[in-house]
Amino acid sequence: MVNQAQPAYLVAMLDPSDIETFMHDYGQPVFPTIIEAGGEVLVATPTVTVLEGSYSSTWTVIIRFPSIDMVKTWYQSDSYQPFIPIRQSLSHPDNTILIAALGFGGLPE
């Protein structure tokens with residue numbers, strides 16, 4: 001059962017072909033849509049330390065939203081839709097993953 005007050009996270013692992021163009025055409029203009037939707041960018045970095053496995057993306061972003069519904073609402077919003085093809089055209093599809101996940105709700109009783 002989903003707790004409506006439980007925060008959710010959007011995790012994006014991307015591999016932009018040209019980081020300057022990506023940030024200019026996608027990153028900077030999409031940021032206000034995230035804030036407007038109640039999102040808070042927690043991580044946005046090209047630097048990660050891989051502790052196990054392989055990681056082929058070059059940019060990692062983690063955004064906290066107040067709920068999973070707010071992640072979905074933002075992703076499906078009219079304000080974000082124009083940015084999807086921009087992101088897709090500027091990032092290698094084989095190394096791009098976007099997931100939405102609920103925050104930790106505590107151990108089961």
# chains A, B, ... in the order shown; residues from 1 in each chain; ligands from 1
$ residues_around --residues "Thr47 of chain A" --least-positions-apart "2" --cutoff "8 Å" --atoms "only C-alpha atoms" --output "list in words"
Thr45, Thr49, Thr58, Trp59 and Thr60 of chain A
$ write_last_selection --atoms "N, CA and C atoms" --output "PDB file, in the first residue's frame"
ATOM      1  N   THR A  45      25.217  15.243 -11.093  1.00  0.00           N
ATOM      2  CA  THR A  45      26.671  15.188 -11.163  1.00  0.00           C
ATOM      3  C   THR A  45      27.159  14.267 -12.274  1.00  0.00           C
ATOM      4  N   THR A  49      31.080   7.224  -7.936  1.00  0.00           N
ATOM      5  CA  THR A  49      32.036   6.180  -7.604  1.00  0.00           C
ATOM      6  C   THR A  49      31.305   4.850  -7.681  1.00  0.00           C
ATOM      7  N   THR A  58      27.069   8.925 -17.905  1.00  0.00           N
ATOM      8  CA  THR A  58      28.041   9.944 -17.524  1.00  0.00           C
ATOM      9  C   THR A  58      27.424  11.084 -16.711  1.00  0.00           C
ATOM     10  N   TRP A  59      26.123  11.005 -16.456  1.00  0.00           N
ATOM     11  CA  TRP A  59      25.460  12.051 -15.690  1.00  0.00           C
ATOM     12  C   TRP A  59      24.379  11.396 -14.851  1.00  0.00           C
ATOM     13  N   THR A  60      24.345  11.698 -13.560  1.00  0.00           N
ATOM     14  CA  THR A  60      23.378  11.108 -12.647  1.00  0.00           C
ATOM     15  C   THR A  60      22.599  12.223 -11.962  1.00  0.00           C
TER      16      THR A  60
END
$ select_by_dssp --residues "chain A" --states "alpha helix (DSSP H)" --output "JSON, numbers by chain"
{"A": [19, 20, 21, 22, 28, 29, 30, 31, 32, 33, 34, 35, 36, 68, 69, 70, 71, 72, 73, 74, 75, 76, 83, 84, 85, 86, 87, 88, 89, 90]}
$ select_by_dssp --residues "chain A" --states "strand (DSSP E or B)" --output "list in words"
Ala8, Tyr9, Leu10, Val11, Ala12, Met13, Leu14, Pro16, Glu40, Val41, Leu42, Val43, Ala44, Thr45, Trp59, Thr60, Val61, Ile62, Ile63, Arg64, Phe65, Ser91, Ile97, Leu98, Ile99, Ala100, Ala101 and Leu102 of chain A
$ write_last_selection --atoms "C-alpha atoms" --output "compact mmCIF listing (two decimals), in the first residue's frame"
# COMPACT_ATOMS: atom_id res chain seq x y z
CA ALA A 8 9.34 9.47 -4.14
CA TYR A 9 12.50 9.83 -6.18
CA LEU A 10 13.17 10.24 -9.86
CA VAL A 11 16.54 8.74 -10.71
CA ALA A 12 17.98 9.61 -14.11
CA MET A 13 21.14 8.06 -15.47
CA LEU A 14 22.10 9.76 -18.71
CA PRO A 16 24.65 13.28 -22.98
CA GLU A 40 13.97 19.08 -5.19
CA VAL A 41 17.17 18.18 -7.02
CA LEU A 42 19.34 16.25 -4.57
CA VAL A 43 22.06 15.01 -6.94
CA ALA A 44 23.14 16.25 -10.36
CA THR A 45 26.67 15.19 -11.16
CA TRP A 59 25.46 12.05 -15.69
CA THR A 60 23.38 11.11 -12.65
CA VAL A 61 20.39 13.03 -11.29
CA ILE A 62 18.23 12.26 -8.26
CA ILE A 63 15.15 14.38 -7.60
CA ARG A 64 12.88 14.06 -4.56
CA PHE A 65 9.16 14.70 -5.00
CA SER A 91 21.51 11.53 -24.72
CA ILE A 97 17.47 5.20 -17.71
CA LEU A 98 14.74 7.08 -15.85
CA ILE A 99 13.04 5.41 -12.90
CA ALA A 100 10.60 6.58 -10.25
CA ALA A 101 10.73 4.90 -6.85
CA LEU A 102 9.09 5.36 -3.49
$ atom_distance --atom1 "atom CA of Val30 of chain A" --atom2 "atom CA of Asp94 of chain A"
22.0 Å
$ closest_residue --among "A:Pro93, A:Gly53, A:Pro66, A:Pro108" --to "Ile35 of chain A" --atoms "only C-alpha atoms"
A:Pro66
$ closest_residue --among "A:Asp78, A:Asn95, A:Glu109, A:Leu90" --to "His24 of chain A" --atoms "only C-alpha atoms"
A:Leu90
$ closest_residue --among "A:Asp25, A:Ser77, A:Ile68, A:Ser57" --to "Gln6 of chain A" --atoms "only C-alpha atoms"
A:Ile68
$ closest_residue --among "A:Arg87, A:Glu36, A:Ser67, A:Leu51" --to "Gly103 of chain A" --atoms "only C-alpha atoms"
A:Ser67
